[in-house]
Amino acid sequence: MAGTDTGSTGAGGGRERPVVIIGASLGGAKAAEALREAGYRGGIVLIGEEHERPYERPPLSKGYLLGKTPREKIYVHPPQWYAEHDVTLRLGTAVAAIDPAGHTVTLADNGRVEYAKLLLTTGSVPRRLPVPGADQDGVLYLRRVEDSDRIKAALRPGARIAVIGAGWIGLEVAAAAREAGAEVTVLEALELPLLRVLGREVAQVFADLHREHGVDLRFGVKVAELTGGGGTVSGVKLADGTTVAADAVVVGIGIAPATGLAEAAGLEVDNGIRTDRHLRTSDPDVYAAGDVANAYHPLFDRHIRVEHWANALNQPQTAARALLGQPDAVYDRIPYFFTDQYDLGMEYVGYVEPDGYDQVVFRGDPATREFIAFWLSGGRVLAGMNVNVWDVTEPIRELVRSGRVVDVKELADPDVPLDAL
C-alpha cells in the first residue's frame, strides 16, 4: 500500500483545501477518525513514512513481541476503513518541508499538498547510542513494527541479549527475552531502573522483579564500545574494561520528539512542538498531538510532554475539535500509562517531575507486588500507581485532579475507600 492514495485528497479540482495530518500513527489515525465523528465532511490527507497502515506501539514491546498478540490486532483500523471514510492515506511518503505562509506541504518526491489546517503527529525517534561499534548488525532499537520483528527473531532460548537502558522499553524487552528463554543482561547508568520516573522507593520494586526472574542487572555502568567482528555485534565493552558477551544488543536509552519539520517551518519548539491548551502551535492553522507535543496543561499550569500511548490516543480528539473551531476543545486529561512485565501489571495516573514530590505513601506491601503507591507534595496526591490491584484508576485520577490535601494514614489504609478520601 506504500505511496498509494485511498479515497479523495480533497484538494484541487475546485474543492476546498483539506485537513492534512503528517504522521500516519495512532495519533494521526485517531485524528482522522475524530474529524469524521465531529461531522467534518471535507478532505483529509494522512501522510506517513512507514509502509504499514497506522498501528499501536505498546504491543511492540508487550504482546506482539511475546508472540501473544497477532499482527492484525495491532492496527488502528482495518484496511478498508480509510476508503470508507474518504481519508486519503499516503504511506511510504516522506515530508520534506512545511510552508505555513503558503499552507503547503512539500513531499520528498517534490509533490505538494495544500492544506486548510495541519496536524503534526510525527511522534518521536529513538536516541542513538553514541559509541564506537553502534552501527553493527545485531544492534537493535524498538520503535516500529519491523524493529519488534527483528528483536523477536533474536529472542531465542539460550541467546545472550544485552539491553542498554533500564527504562520502560528496556525492561519490557528484558521480560520478553526471559520469557523466551534468553539470557539477559541489563546495563543502566543510574543506580536503579526507572529512577527518574518512579523515584528510589518504587524503582526498587522493578529491580527486585527482574532479578527474581534471572536478569543480570548492572547499575552505575557506562558503555564505552560495542565489540564485534565482520560487522556483527558480539558484546558490550564497559568503561571499567569488562565486556558483556551478546548475540544481540537492544538499545533503549530514550526517545526524542521528531520536531525537525516544525523547527524548519518556524514553529515554536521547546522539548517538542510547543502548543496551547487547544493543542494549537505558534501558527494558528497548525496543531500538534502525541509524543511530539509539548502542550500547556491547565491543571498543572505548565507545559508538559508525555511519551505514552494514552496521549496519542486522546489528544487527537481535542486537536480535531479545536481545528474545526470548537472553543471548548481543551486537553486536560490526566496522564496515564501502563506496563506488563512477567506477572506484574501496573497502571500509573498523574504527573510528577523528578524530585517534584516530598513523600511516597504505600497502600499495601511493595514486597508482595500487590499495592498502590502515591506520590505526594504538601499532602496532595500528584500521582498514583496500582500494581496488581485493579479498578482503582478512576478514584486515583479524581484524587490527582482534586488537588485536595489528604489524610496520609487514611490514604495508606486499604480499608478506607479511595473515593472517600
# chains A, B, ... in the order shown; residues from 1 in each chain; ligands from 1
$ residues_around --residues "segment 291-293 of chain A" --least-positions-apart "5" --cutoff "9 Å" --atoms "only C-alpha atoms" --output "NGL selection string"
:A and (120-124 or 256-259 or 271-275 or 279 or 281 or 304-309 or 311-312)
$ select_by_dssp --residues "segment 328-401 of chain A" --states "helix (DSSP H, G or I)" --output "list in words"
Pro366, Ala367, Thr368, Thr393, Glu394, Pro395, Ile396, Arg397, Glu398, Leu399, Val400 and Arg401 of chain A
$ write_last_selection --atoms "all heavy atoms" --output "CSV table (one decimal), in the first residue's frame"
chain,number,residue,atom,x,y,z
A,366,PRO,N,4.8,-3.4,49.2
A,366,PRO,CA,5.5,-3.5,47.9
A,366,PRO,C,6.2,-4.8,47.7
A,366,PRO,O,6.3,-5.3,46.5
A,366,PRO,CB,6.5,-2.4,47.9
A,366,PRO,CG,6.0,-1.4,48.9
A,366,PRO,CD,5.3,-2.2,49.9
A,367,ALA,N,6.6,-5.5,48.8
A,367,ALA,CA,7.3,-6.8,48.6
A,367,ALA,C,6.4,-7.8,48.1
A,367,ALA,O,6.8,-8.8,47.4
A,367,ALA,CB,7.8,-7.2,50.0
A,368,THR,N,5.0,-7.7,48.2
A,368,THR,CA,4.1,-8.6,47.7
A,368,THR,C,3.7,-8.4,46.2
A,368,THR,O,3.1,-9.2,45.6
A,368,THR,CB,2.8,-8.6,48.5
A,368,THR,OG1,2.1,-7.4,48.3
A,368,THR,CG2,3.1,-8.8,50.0
A,393,THR,N,-8.3,3.0,39.0
A,393,THR,CA,-7.7,4.1,38.2
A,393,THR,C,-8.6,5.4,38.3
A,393,THR,O,-8.0,6.5,38.5
A,393,THR,CB,-7.6,3.7,36.7
A,393,THR,OG1,-6.8,2.6,36.6
A,393,THR,CG2,-7.0,4.9,35.9
A,394,GLU,N,-9.9,5.3,38.3
A,394,GLU,CA,-10.7,6.4,38.3
A,394,GLU,C,-10.6,7.2,39.7
A,394,GLU,O,-10.5,8.4,39.7
A,394,GLU,CB,-12.2,6.1,38.0
A,394,GLU,CG,-12.4,5.8,36.5
A,394,GLU,CD,-11.9,6.9,35.6
A,394,GLU,OE1,-12.1,8.1,35.9
A,394,GLU,OE2,-11.2,6.6,34.6
A,395,PRO,N,-10.7,6.5,40.8
A,395,PRO,CA,-10.6,7.2,42.1
A,395,PRO,C,-9.2,7.9,42.2
A,395,PRO,O,-9.1,8.9,42.8
A,395,PRO,CB,-10.9,6.2,43.1
A,395,PRO,CG,-10.9,4.9,42.5
A,395,PRO,CD,-11.2,5.1,41.1
A,396,ILE,N,-8.2,7.2,41.7
A,396,ILE,CA,-6.8,7.8,41.8
A,396,ILE,C,-6.8,9.1,40.9
A,396,ILE,O,-6.3,10.1,41.3
A,396,ILE,CB,-5.7,6.8,41.3
A,396,ILE,CG1,-5.6,5.6,42.3
A,396,ILE,CG2,-4.4,7.5,41.2
A,396,ILE,CD1,-4.7,4.5,41.9
A,397,ARG,N,-7.4,9.0,39.7
A,397,ARG,CA,-7.4,10.1,38.8
A,397,ARG,C,-8.1,11.3,39.5
A,397,ARG,O,-7.7,12.5,39.4
A,397,ARG,CB,-8.1,9.7,37.5
A,397,ARG,CG,-8.1,10.9,36.5
A,397,ARG,CD,-8.8,10.5,35.2
A,397,ARG,NE,-7.9,9.7,34.4
A,397,ARG,CZ,-8.0,8.4,34.0
A,397,ARG,NH1,-9.1,7.8,34.5
A,397,ARG,NH2,-7.1,7.8,33.3
A,398,GLU,N,-9.2,11.0,40.2
A,398,GLU,CA,-10.0,12.0,40.9
A,398,GLU,C,-9.2,12.7,42.0
A,398,GLU,O,-9.3,13.9,42.2
A,398,GLU,CB,-11.3,11.5,41.4
A,398,GLU,CG,-12.1,12.4,42.3
A,398,GLU,CD,-12.4,13.8,41.6
A,398,GLU,OE1,-12.5,13.8,40.3
A,398,GLU,OE2,-12.5,14.8,42.3
A,399,LEU,N,-8.4,11.9,42.7
A,399,LEU,CA,-7.6,12.4,43.8
A,399,LEU,C,-6.6,13.4,43.2
A,399,LEU,O,-6.3,14.5,43.8
A,399,LEU,CB,-6.9,11.3,44.5
A,399,LEU,CG,-7.6,10.5,45.6
A,399,LEU,CD1,-6.8,9.4,46.1
A,399,LEU,CD2,-8.0,11.5,46.8
A,400,VAL,N,-6.0,13.0,42.1
A,400,VAL,CA,-5.0,13.9,41.5
A,400,VAL,C,-5.7,15.2,41.0
A,400,VAL,O,-5.2,16.3,41.2
A,400,VAL,CB,-4.3,13.2,40.3
A,400,VAL,CG1,-3.4,14.1,39.5
A,400,VAL,CG2,-3.5,12.0,40.8
A,401,ARG,N,-6.8,15.0,40.3
A,401,ARG,CA,-7.5,16.2,39.7
A,401,ARG,C,-8.0,17.2,40.8
A,401,ARG,O,-8.0,18.4,40.7
A,401,ARG,CB,-8.6,15.8,38.9
A,401,ARG,CG,-9.3,16.9,38.2
A,401,ARG,CD,-10.4,16.4,37.2
A,401,ARG,NE,-9.7,15.8,36.0
A,401,ARG,CZ,-9.2,16.5,35.0
A,401,ARG,NH1,-9.2,17.8,35.0
A,401,ARG,NH2,-8.6,15.8,34.0
$ atom_distance --atom1 "atom CA of Glu191 of chain A" --atom2 "atom CA of Val221 of chain A"
8.8 Å
$ residues_around --residues "segment 76-81 of chain A" --least-positions-apart "4" --cutoff "8 Å" --atoms "only C-alpha atoms" --output "ChimeraX atom specification"
/A:26,29-30,53-56,85
$ residues_around --residues "Val184 of chain A" --least-positions-apart "3" --cutoff "9 Å" --atoms "only C-alpha atoms" --output "PyMOL selection string"
chain A and resi 159-163+174-175+177-178+214-217+246
$ atom_distance --atom1 "atom CA of Gln359 of chain A" --atom2 "atom CA of Glu188 of chain A"
25.2 Å
$ closest_residue --among "A:Pro335, A:Asp419, A:Ala189, A:Val197" --to "Leu238 of chain A" --atoms "only C-alpha atoms"
A:Ala189
$ atom_distance --atom1 "atom CA of Asn110 of chain A" --atom2 "atom CA of Ala264 of chain A"
16.8 Å
$ select_by_dssp --residues "segment 135-336 of chain A" --states "strand (DSSP E)" --output "PyMOL selection string"
chain A and resi 139-140+160-164+183-188+216-219+223-229+232-238+243-245+248-251+255-257+273-275+286-288+293-297+302-304+336
$ closest_residue --among "A:Gly102, A:Lys152, A:Ala83, A:Leu89" --to "Gly67 of chain A" --atoms "only C-alpha atoms"
A:Lys152
$ closest_residue --among "A:Val360, A:Ala322, A:Val251, A:Leu91" --to "Glu201 of chain A" --atoms "only C-alpha atoms"
A:Val360
$ closest_residue --among "A:Ile44, A:Gly158, A:Ala248, A:Pro417" --to "Thr88 of chain A" --atoms "only C-alpha atoms"
A:Ile44
$ decode --residues "segment 178-279 of chain A" --atoms "C-alpha atoms" --output "PDB file, in the first residue's frame"
ATOM      1  CA  ARG A 178      13.494 -14.035  29.665  1.00  0.00           C
ATOM      2  CA  GLU A 179      10.087 -15.474  28.823  1.00  0.00           C
ATOM      3  CA  ALA A 180      11.602 -16.631  25.520  1.00  0.00           C
ATOM      4  CA  GLY A 181      14.408 -18.387  27.394  1.00  0.00           C
ATOM      5  CA  ALA A 182      17.196 -15.955  26.561  1.00  0.00           C
ATOM      6  CA  GLU A 183      19.979 -14.939  28.931  1.00  0.00           C
ATOM      7  CA  VAL A 184      19.584 -11.226  29.685  1.00  0.00           C
ATOM      8  CA  THR A 185      21.924  -8.557  30.994  1.00  0.00           C
ATOM      9  CA  VAL A 186      20.543  -5.048  31.574  1.00  0.00           C
ATOM     10  CA  LEU A 187      23.058  -2.190  31.663  1.00  0.00           C
ATOM     11  CA  GLU A 188      21.972   1.078  33.274  1.00  0.00           C
ATOM     12  CA  ALA A 189      23.937   4.251  34.093  1.00  0.00           C
ATOM     13  CA  LEU A 190      21.823   5.085  37.160  1.00  0.00           C
ATOM     14  CA  GLU A 191      21.619   3.154  40.435  1.00  0.00           C
ATOM     15  CA  LEU A 192      18.157   1.686  39.795  1.00  0.00           C
ATOM     16  CA  PRO A 193      15.763   1.114  36.887  1.00  0.00           C
ATOM     17  CA  LEU A 194      13.222   3.860  36.156  1.00  0.00           C
ATOM     18  CA  LEU A 195      14.841   6.005  38.838  1.00  0.00           C
ATOM     19  CA  ARG A 196      13.937   9.358  37.265  1.00  0.00           C
ATOM     20  CA  VAL A 197      10.366   8.224  36.601  1.00  0.00           C
ATOM     21  CA  LEU A 198       9.455   6.470  39.833  1.00  0.00           C
ATOM     22  CA  GLY A 199      12.000   7.549  42.416  1.00  0.00           C
ATOM     23  CA  ARG A 200      14.065   5.233  44.588  1.00  0.00           C
ATOM     24  CA  GLU A 201      11.172   3.912  46.692  1.00  0.00           C
ATOM     25  CA  VAL A 202       9.271   2.328  43.801  1.00  0.00           C
ATOM     26  CA  ALA A 203      12.155   1.737  41.379  1.00  0.00           C
ATOM     27  CA  GLN A 204      13.458  -0.933  43.743  1.00  0.00           C
ATOM     28  CA  VAL A 205      10.305  -2.989  43.100  1.00  0.00           C
ATOM     29  CA  PHE A 206      11.270  -3.364  39.441  1.00  0.00           C
ATOM     30  CA  ALA A 207      14.894  -4.163  40.251  1.00  0.00           C
ATOM     31  CA  ASP A 208      13.770  -6.967  42.564  1.00  0.00           C
ATOM     32  CA  LEU A 209      11.260  -8.229  39.991  1.00  0.00           C
ATOM     33  CA  HIS A 210      13.834  -8.664  37.243  1.00  0.00           C
ATOM     34  CA  ARG A 211      16.482 -10.158  39.492  1.00  0.00           C
ATOM     35  CA  GLU A 212      13.980 -12.763  40.676  1.00  0.00           C
ATOM     36  CA  HIS A 213      13.382 -13.680  37.040  1.00  0.00           C
ATOM     37  CA  GLY A 214      17.055 -14.232  36.353  1.00  0.00           C
ATOM     38  CA  VAL A 215      18.060 -10.940  34.758  1.00  0.00           C
ATOM     39  CA  ASP A 216      21.645  -9.817  35.378  1.00  0.00           C
ATOM     40  CA  LEU A 217      21.142  -6.165  36.361  1.00  0.00           C
ATOM     41  CA  ARG A 218      24.215  -3.945  36.307  1.00  0.00           C
ATOM     42  CA  PHE A 219      23.751  -0.411  37.574  1.00  0.00           C
ATOM     43  CA  GLY A 220      26.067   2.578  37.574  1.00  0.00           C
ATOM     44  CA  VAL A 221      27.851   1.410  34.426  1.00  0.00           C
ATOM     45  CA  LYS A 222      28.939   3.299  31.325  1.00  0.00           C
ATOM     46  CA  VAL A 223      29.045   1.770  27.855  1.00  0.00           C
ATOM     47  CA  ALA A 224      32.330   2.526  26.094  1.00  0.00           C
ATOM     48  CA  GLU A 225      32.081   0.447  22.924  1.00  0.00           C
ATOM     49  CA  LEU A 226      30.152  -2.299  21.183  1.00  0.00           C
ATOM     50  CA  THR A 227      32.529  -5.047  20.139  1.00  0.00           C
ATOM     51  CA  GLY A 228      32.140  -7.319  17.164  1.00  0.00           C
ATOM     52  CA  GLY A 229      33.618  -8.913  14.110  1.00  0.00           C
ATOM     53  CA  GLY A 230      32.695  -8.916  10.446  1.00  0.00           C
ATOM     54  CA  GLY A 231      30.194  -6.140  11.008  1.00  0.00           C
ATOM     55  CA  THR A 232      28.155  -8.055  13.607  1.00  0.00           C
ATOM     56  CA  VAL A 233      27.989  -7.165  17.284  1.00  0.00           C
ATOM     57  CA  SER A 234      29.391  -9.645  19.789  1.00  0.00           C
ATOM     58  CA  GLY A 235      29.389  -7.748  23.058  1.00  0.00           C
ATOM     59  CA  VAL A 236      29.293  -4.561  25.098  1.00  0.00           C
ATOM     60  CA  LYS A 237      32.536  -3.171  26.488  1.00  0.00           C
ATOM     61  CA  LEU A 238      32.089  -1.074  29.618  1.00  0.00           C
ATOM     62  CA  ALA A 239      34.177   1.846  30.807  1.00  0.00           C
ATOM     63  CA  ASP A 240      35.731  -0.302  33.543  1.00  0.00           C
ATOM     64  CA  GLY A 241      37.126  -2.647  30.881  1.00  0.00           C
ATOM     65  CA  THR A 242      34.729  -5.536  31.385  1.00  0.00           C
ATOM     66  CA  THR A 243      32.840  -6.954  28.418  1.00  0.00           C
ATOM     67  CA  VAL A 244      29.344  -8.435  28.340  1.00  0.00           C
ATOM     68  CA  ALA A 245      29.043 -11.068  25.594  1.00  0.00           C
ATOM     69  CA  ALA A 246      25.940 -10.630  23.453  1.00  0.00           C
ATOM     70  CA  ASP A 247      24.336 -12.188  20.405  1.00  0.00           C
ATOM     71  CA  ALA A 248      22.159  -9.076  20.136  1.00  0.00           C
ATOM     72  CA  VAL A 249      22.136  -5.675  21.826  1.00  0.00           C
ATOM     73  CA  VAL A 250      18.856  -3.833  22.361  1.00  0.00           C
ATOM     74  CA  VAL A 251      19.284  -0.097  22.960  1.00  0.00           C
ATOM     75  CA  GLY A 252      16.571   1.676  24.935  1.00  0.00           C
ATOM     76  CA  ILE A 253      18.062   4.978  26.097  1.00  0.00           C
ATOM     77  CA  GLY A 254      15.044   7.175  25.459  1.00  0.00           C
ATOM     78  CA  ILE A 255      13.365   8.940  22.593  1.00  0.00           C
ATOM     79  CA  ALA A 256      13.474  12.444  21.158  1.00  0.00           C
ATOM     80  CA  PRO A 257      10.456  14.284  19.710  1.00  0.00           C
ATOM     81  CA  ALA A 258      10.506  14.452  15.906  1.00  0.00           C
ATOM     82  CA  THR A 259      10.480  18.246  15.622  1.00  0.00           C
ATOM     83  CA  GLY A 260      12.640  18.773  12.529  1.00  0.00           C
ATOM     84  CA  LEU A 261       9.808  19.748  10.189  1.00  0.00           C
ATOM     85  CA  ALA A 262       8.250  22.070  12.745  1.00  0.00           C
ATOM     86  CA  GLU A 263      11.507  23.785  13.583  1.00  0.00           C
ATOM     87  CA  ALA A 264      12.386  24.322   9.908  1.00  0.00           C
ATOM     88  CA  ALA A 265       8.912  25.795   9.380  1.00  0.00           C
ATOM     89  CA  GLY A 266       9.484  28.377  12.095  1.00  0.00           C
ATOM     90  CA  LEU A 267       7.107  26.898  14.670  1.00  0.00           C
ATOM     91  CA  GLU A 268       7.997  27.335  18.337  1.00  0.00           C
ATOM     92  CA  VAL A 269       9.915  24.275  19.513  1.00  0.00           C
ATOM     93  CA  ASP A 270      10.967  23.629  23.109  1.00  0.00           C
ATOM     94  CA  ASN A 271      11.239  20.000  24.197  1.00  0.00           C
ATOM     95  CA  GLY A 272       8.735  19.201  21.470  1.00  0.00           C
ATOM     96  CA  ILE A 273       6.389  21.405  19.488  1.00  0.00           C
ATOM     97  CA  ARG A 274       5.028  23.943  21.928  1.00  0.00           C
ATOM     98  CA  THR A 275       1.226  24.234  21.909  1.00  0.00           C
ATOM     99  CA  ASP A 276      -1.508  25.917  23.896  1.00  0.00           C
ATOM    100  CA  ARG A 277      -4.253  24.072  25.761  1.00  0.00           C
ATOM    101  CA  HIS A 278      -6.117  23.575  22.460  1.00  0.00           C
ATOM    102  CA  LEU A 279      -3.004  21.849  21.006  1.00  0.00           C
TER     103      LEU A 279
END
